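Just data-v2.cif here, mmCIF, C-alpha atoms:
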data_final
loop_
_atom_site.label_atom_id
_atom_site.label_comp_id
_atom_site.auth_asym_id
_atom_site.auth_seq_id
_atom_site.Cartn_x
_atom_site.Cartn_y
_atom_site.Cartn_z
CA MET I 14 -7.80 115.16 60.14
CA ARG I 15 -4.94 115.10 62.66
CA LEU I 16 -2.22 116.45 60.38
CA VAL I 17 1.17 117.07 61.94
CA THR I 18 3.37 119.05 59.58
CA ARG I 19 7.13 118.69 59.44
CA SER I 20 7.56 122.19 60.85
CA GLN I 21 5.18 121.48 63.75
CA TYR I 22 7.03 118.25 64.46
CA LEU I 23 10.43 119.93 64.48
CA ILE I 24 9.12 122.72 66.70
CA SER I 25 7.82 120.13 69.18
CA ALA I 26 11.12 118.28 69.14
CA ALA I 27 13.07 121.52 69.52
CA LEU I 28 10.96 122.57 72.48
CA LEU I 29 11.53 119.20 74.11
CA GLY I 30 15.24 119.52 73.44
CA ALA I 31 15.28 123.00 74.95
CA SER I 32 13.45 121.70 77.99
CA LEU I 33 16.08 119.00 78.38
CA VAL I 34 18.90 121.53 78.18
CA ALA I 35 17.20 123.66 80.81
CA ALA I 36 16.55 120.67 83.01
CA THR I 37 20.13 119.49 82.67
CA ALA I 38 21.45 122.96 83.54
CA SER I 39 19.17 123.10 86.56
CA ALA I 40 20.29 119.64 87.58
CA ALA I 41 23.89 120.75 87.43
CA ASP I 42 23.14 123.48 89.97
CA ALA I 43 20.81 121.37 92.08
CA PRO I 44 21.75 119.76 95.39
CA SER I 45 23.28 116.31 95.10
CA ASN I 46 22.74 113.21 97.16
CA ALA I 47 25.51 111.32 98.88
CA GLY I 48 26.47 109.64 95.63
CA GLY I 49 26.81 112.93 93.78
CA VAL I 50 23.62 112.42 91.74
CA PRO I 51 21.69 115.69 91.21
CA LEU I 52 18.30 115.78 92.87
CA VAL I 53 15.84 117.05 90.27
CA GLY I 54 12.11 117.52 90.64
CA ASP I 55 11.07 115.90 87.37
CA PRO I 56 12.22 112.26 87.17
CA HIS I 57 11.80 112.38 83.38
CA ALA I 58 14.00 115.43 82.90
CA LEU I 59 17.14 113.48 82.11
CA HIS I 60 15.63 111.38 79.29
CA ARG I 61 18.14 111.08 76.48
CA MET I 62 16.29 113.14 73.93
CA GLY I 63 18.66 113.00 70.97
CA ASP I 64 18.84 115.53 68.15
CA ALA I 65 15.64 116.07 66.16
CA ASP I 66 17.75 116.61 63.02
CA GLY I 67 20.13 113.76 63.77
CA VAL I 68 18.02 110.70 62.96
CA ARG I 69 20.30 107.82 62.12
CA ARG I 70 19.11 105.06 59.76
CA SER I 71 20.76 101.65 59.79
CA GLU I 72 19.88 98.04 59.03
CA ALA I 73 20.30 95.04 61.29
CA GLN I 74 19.20 91.48 61.97
CA TYR I 75 17.92 90.59 65.42
CA ALA I 76 17.31 87.26 67.12
CA ILE I 77 13.79 87.42 68.51
CA PRO I 78 13.52 86.06 72.05
CA LYS I 79 10.94 83.40 72.85
CA VAL I 80 8.89 85.47 75.28
CA ALA I 81 5.21 86.03 75.94
CA LEU I 82 3.74 89.53 76.20
CA THR I 83 0.35 90.83 77.25
CA ARG I 84 -1.47 92.76 74.54
CA ASP I 85 -3.68 95.72 75.37
CA ASP I 86 -6.77 93.57 74.87
CA GLY I 87 -5.60 91.42 77.80
CA ARG I 88 -4.53 88.44 75.71
CA ALA I 89 -1.22 86.66 76.30
CA VAL I 90 0.63 86.48 72.99
CA ALA I 91 4.00 85.25 71.76
CA LEU I 92 6.24 88.07 70.58
CA ALA I 93 7.44 86.02 67.60
CA ALA I 94 3.87 85.37 66.46
CA GLU I 95 2.98 89.07 66.70
CA LEU I 96 6.03 90.00 64.64
CA ASP I 97 5.60 87.26 62.06
CA ASP I 98 1.90 87.42 61.22
CA GLY I 99 2.68 88.26 57.60
CA ARG I 100 2.45 92.04 57.83
CA PRO I 101 5.18 94.67 57.78
CA VAL I 102 6.01 95.81 61.32
CA VAL I 103 6.77 99.20 62.83
CA LEU I 104 7.83 99.03 66.48
CA ASN I 105 8.76 101.39 69.27
CA PHE I 106 9.20 101.37 73.06
CA ILE I 107 7.07 103.58 75.31
CA TYR I 108 5.60 103.83 78.78
CA THR I 109 2.39 105.55 79.74
CA SER I 110 3.73 107.93 82.40
CA CYS I 111 6.51 109.22 80.15
CA THR I 112 6.22 112.95 79.49
CA THR I 113 8.97 113.53 76.92
CA ILE I 114 10.09 110.95 74.37
CA CYS I 115 7.02 108.72 74.37
CA PRO I 116 4.29 111.27 73.55
CA LEU I 117 6.27 112.51 70.56
CA SER I 118 6.99 108.97 69.36
CA SER I 119 3.34 108.04 69.76
CA GLN I 120 2.28 111.19 67.94
CA THR I 121 4.49 110.06 65.06
CA PHE I 122 2.82 106.64 65.05
CA GLU I 123 -0.60 108.32 65.10
CA GLN I 124 0.25 110.43 62.07
CA PHE I 125 1.87 107.49 60.28
CA GLN I 126 -1.17 105.28 60.79
CA GLU I 127 -3.43 108.03 59.50
CA ASP I 128 -1.16 108.56 56.47
CA LEU I 129 -1.47 104.85 55.65
CA GLY I 130 -5.14 105.49 54.92
CA ALA I 131 -7.70 102.76 54.35
CA GLY I 132 -5.02 100.06 54.24
CA HIS I 133 -3.57 100.93 57.64
CA GLU I 134 -4.38 97.48 59.05
CA GLN I 135 -1.94 95.93 56.59
CA VAL I 136 0.96 97.43 58.55
CA HIS I 137 1.31 96.25 62.14
CA LEU I 138 2.28 99.02 64.57
CA MET I 139 3.60 97.71 67.89
CA SER I 140 4.32 99.82 70.98
CA ILE I 141 5.96 97.88 73.80
CA SER I 142 5.91 99.31 77.33
CA ILE I 143 9.17 99.37 79.24
CA ASP I 144 7.28 99.94 82.51
CA PRO I 145 5.34 96.68 82.78
CA GLU I 146 4.84 96.94 86.54
CA GLN I 147 2.63 100.00 86.01
CA ASP I 148 1.34 99.60 82.47
CA THR I 149 -1.60 97.22 82.73
CA PRO I 150 -3.74 96.46 79.66
CA ALA I 151 -6.26 99.04 80.90
CA ARG I 152 -3.60 101.74 81.16
CA LEU I 153 -2.27 100.84 77.73
CA ARG I 154 -5.77 101.08 76.23
CA ALA I 155 -6.26 104.51 77.79
CA TYR I 156 -2.87 105.63 76.50
CA ALA I 157 -3.63 104.29 73.02
CA ALA I 158 -6.92 106.19 72.98
CA GLN I 159 -5.07 109.45 73.59
CA PHE I 160 -3.34 108.94 70.25
CA HIS I 161 -6.42 107.65 68.40
CA ALA I 162 -4.89 104.22 67.85
CA THR I 163 -7.07 102.14 65.58
CA ARG I 164 -7.02 98.48 64.55
CA GLY I 165 -3.53 97.52 63.48
CA TRP I 166 -1.75 99.44 66.26
CA ASP I 167 -1.28 97.31 69.39
CA HIS I 168 0.30 98.09 72.74
CA TYR I 169 2.03 95.48 74.88
CA SER I 170 3.25 94.87 78.40
CA GLY I 171 4.48 91.72 80.15
CA SER I 172 6.78 90.57 82.89
CA MET I 173 9.82 92.70 83.65
CA THR I 174 12.05 89.80 82.62
CA SER I 175 10.33 89.51 79.24
CA ILE I 176 10.37 93.25 78.58
CA ILE I 177 14.07 93.53 79.37
CA ALA I 178 14.76 90.54 77.10
CA VAL I 179 12.92 92.26 74.23
CA GLN I 180 14.79 95.52 74.74
CA LYS I 181 18.13 93.72 74.82
CA ALA I 182 17.25 91.77 71.67
CA PHE I 183 16.73 95.04 69.79
CA ASN I 184 19.70 96.79 71.41
CA ALA I 185 17.31 99.18 73.13
CA TYR I 186 17.97 98.42 76.79
CA ARG I 187 19.51 101.36 78.66
CA GLY I 188 19.24 100.13 82.23
CA ASP I 189 15.98 101.77 83.28
CA LYS I 190 13.00 103.54 81.79
CA MET I 191 14.36 107.02 82.55
CA SER I 192 17.35 106.41 80.29
CA HIS I 193 15.63 105.13 77.17
CA SER I 194 16.28 106.77 73.82
CA PRO I 195 13.96 107.55 70.88
CA LEU I 196 13.99 104.52 68.60
CA THR I 197 11.79 103.21 65.80
CA LEU I 198 12.24 99.82 64.16
CA MET I 199 10.69 98.78 60.84
CA ARG I 200 10.64 95.53 58.92
CA ALA I 201 9.06 94.87 55.53
CA GLY I 202 8.16 91.29 56.40
CA PRO I 203 9.32 88.10 58.09
CA GLY I 204 12.91 87.29 57.18
CA LYS I 205 13.63 90.82 55.98
CA PRO I 206 16.26 93.00 57.67
CA TRP I 207 15.17 95.47 60.31
CA VAL I 208 15.52 99.17 59.54
CA ARG I 209 16.51 101.08 62.65
CA PHE I 210 15.90 104.79 63.20
CA ASP I 211 17.78 106.16 66.20
CA GLY I 212 16.38 109.57 67.06
CA PHE I 213 13.03 111.23 66.48
CA ALA I 214 11.99 109.80 63.13
CA ARG I 215 9.08 111.71 61.60
CA ALA I 216 5.96 110.19 60.07
CA ASP I 217 7.02 111.25 56.58
CA GLN I 218 10.34 109.45 57.05
CA LEU I 219 8.53 106.29 58.09
CA MET I 220 6.21 106.62 55.11
CA ALA I 221 9.13 107.06 52.73
CA GLU I 222 10.64 103.85 54.10
CA ARG I 223 7.27 102.12 53.83
CA ASN I 224 6.89 103.19 50.22
CA SER I 225 10.26 101.68 49.37
CA TRP I 226 9.01 98.20 50.28
CA GLU I 227 7.23 95.75 48.07
CA SER I 228 3.46 95.62 48.23
CA PRO I 229 2.40 94.59 51.74
CA ALA I 230 1.30 91.05 52.42
CA ALA I 231 -2.41 90.44 52.79
CA LEU I 232 -3.72 91.20 56.25
CA VAL I 233 -3.55 88.15 58.47
CA ALA I 234 -6.51 88.03 60.83
CA ARG I 235 -5.76 87.09 64.37
#

Using structure tokens, write down the structure that the file contains.
Amino acid sequence: MRLVTRSQYLISAALLGASLVAATASAADAPSNAGGVPLVGDPHALHRMGDADGVRRSEAQYAIPKVALTRDDGRAVALAAELDDGRPVVLNFIYTSCTTICPLSSQTFEQFQEDLGAGHEQVHLMSISIDPEQDTPARLRAYAAQFHATRGWDHYSGSMTSIIAVQKAFNAYRGDKMSHSPLTLMRAGPGKPWVRFDGFARADQLMAERNSWESPAALVAR
């Protein structure tokens, strides 16, 4: 059993936050280029990590763009169809070469899917890559395997235009992959409002939200 306790989660988030502080301090002392931008060795060091204890919950409605994505099984799919297949949805944004935000967010999804138990397929977990030029279906499958993703948790890529459109639709676009923030989006079903968690939401927080919903719709086979 891959149990991640709340204390272990907060320790991981705190260590990542401390690393960011150290990286930012180092960047402040590092040489700058002609534009005054610090030259740092780790291109991921300036990820906007957020505060592990400062998760913000809000509700919103989003207009879903009419775009096609590529699922990790290689199939071209419509985003709207993936979101509206009758199941509750839990969604985040990742990319496979990320070394800070994404592993922790994916670890949360891993624990959440395990906590769902035998009915885990009745909740659709969706991880959308914001680095589509690098994240092929094969890379996404390898990444998913690192976090023991099972049926019901899909990873997606697509064209850069489509991926940016999706990020903008969910108010998640920050200009480039290095600037993305920890974000989890949940929806109880088609037509329901989206619940937005800005920050490092834990698996137990996602489960508490899940438990507040009505009974999930029957699994819709694809």

Given the PyMOL selection byres ((chain I and resi 207-211) around 8), the residues it picks as a ChimeraX atom specification | /I:68-75,194-201,205-206,212-214

Which polymer residues have any atom within 9 Å of an atom of stretch 85-90 of chain I, counting all atoms listed in the file, with same-chain residues fewer than 2 positions away left out, as a ChimeraX atom specification?
-> /I:80-83,92-95,149-154,157,167-171

Point-to-point distance in Å for atom CA of I:Ser110 and atom CA of I:Pro145 =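 Here the two named atoms are 11.4 Å from each other.
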
Kindly compute an axis-aligned box around the listed atoms of stretch 142-153 of chain I, allowing 5 Å on each side, and express its centre and edge lengths in Å to one decimal as JSON.
{"center_x": 1.5, "center_y": 99.1, "center_z": 81.9, "size_x": 25.4, "size_y": 15.3, "size_z": 19.2}

Please provide the set of residues having any atom within 10 Å of I:Phe160, restricted to all atoms listed in the file, with same-chain residues fewer than 6 positions apart removed, written as a PyMOL selection string.
-> chain I and resi 15+116+119-124

Is it possible to add N, CA and C atoms to stretch 193-205 of chain I and hand it back as a PDB file, in the coordinates of the input?
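Listed below is the output, selection.pdb:
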ATOM      1  N   HIS I 193      15.864 105.643  78.532  1.00  0.00           N
ATOM      2  CA  HIS I 193      15.630 105.130  77.170  1.00  0.00           C
ATOM      3  C   HIS I 193      15.752 106.237  76.137  1.00  0.00           C
ATOM      4  N   SER I 194      16.040 105.841  74.917  1.00  0.00           N
ATOM      5  CA  SER I 194      16.280 106.770  73.820  1.00  0.00           C
ATOM      6  C   SER I 194      15.188 106.629  72.757  1.00  0.00           C
ATOM      7  N   PRO I 195      14.942 107.675  71.968  1.00  0.00           N
ATOM      8  CA  PRO I 195      13.960 107.550  70.880  1.00  0.00           C
ATOM      9  C   PRO I 195      14.451 106.565  69.827  1.00  0.00           C
ATOM     10  N   LEU I 196      13.615 105.594  69.526  1.00  0.00           N
ATOM     11  CA  LEU I 196      13.990 104.520  68.600  1.00  0.00           C
ATOM     12  C   LEU I 196      12.752 104.007  67.898  1.00  0.00           C
ATOM     13  N   THR I 197      12.844 103.839  66.580  1.00  0.00           N
ATOM     14  CA  THR I 197      11.790 103.210  65.800  1.00  0.00           C
ATOM     15  C   THR I 197      12.413 102.121  64.947  1.00  0.00           C
ATOM     16  N   LEU I 198      11.768 100.961  64.929  1.00  0.00           N
ATOM     17  CA  LEU I 198      12.240  99.820  64.160  1.00  0.00           C
ATOM     18  C   LEU I 198      11.185  99.435  63.136  1.00  0.00           C
ATOM     19  N   MET I 199      11.603  99.152  61.907  1.00  0.00           N
ATOM     20  CA  MET I 199      10.690  98.780  60.840  1.00  0.00           C
ATOM     21  C   MET I 199      11.201  97.546  60.123  1.00  0.00           C
ATOM     22  N   ARG I 200      10.267  96.707  59.696  1.00  0.00           N
ATOM     23  CA  ARG I 200      10.640  95.530  58.920  1.00  0.00           C
ATOM     24  C   ARG I 200       9.581  95.264  57.875  1.00  0.00           C
ATOM     25  N   ALA I 201       9.999  95.040  56.633  1.00  0.00           N
ATOM     26  CA  ALA I 201       9.060  94.870  55.530  1.00  0.00           C
ATOM     27  C   ALA I 201       8.290  93.570  55.600  1.00  0.00           C
ATOM     28  N   GLY I 202       8.838  92.575  56.292  1.00  0.00           N
ATOM     29  CA  GLY I 202       8.160  91.290  56.400  1.00  0.00           C
ATOM     30  C   GLY I 202       9.061  90.286  57.070  1.00  0.00           C
ATOM     31  N   PRO I 203       8.519  89.140  57.458  1.00  0.00           N
ATOM     32  CA  PRO I 203       9.320  88.100  58.090  1.00  0.00           C
ATOM     33  C   PRO I 203      10.540  87.738  57.244  1.00  0.00           C
ATOM     34  N   GLY I 204      11.693  87.640  57.885  1.00  0.00           N
ATOM     35  CA  GLY I 204      12.910  87.290  57.180  1.00  0.00           C
ATOM     36  C   GLY I 204      13.649  88.464  56.569  1.00  0.00           C
ATOM     37  N   LYS I 205      13.001  89.630  56.513  1.00  0.00           N
ATOM     38  CA  LYS I 205      13.630  90.820  55.980  1.00  0.00           C
ATOM     39  C   LYS I 205      14.487  91.491  57.053  1.00  0.00           C
TER      40      LYS I 205
END
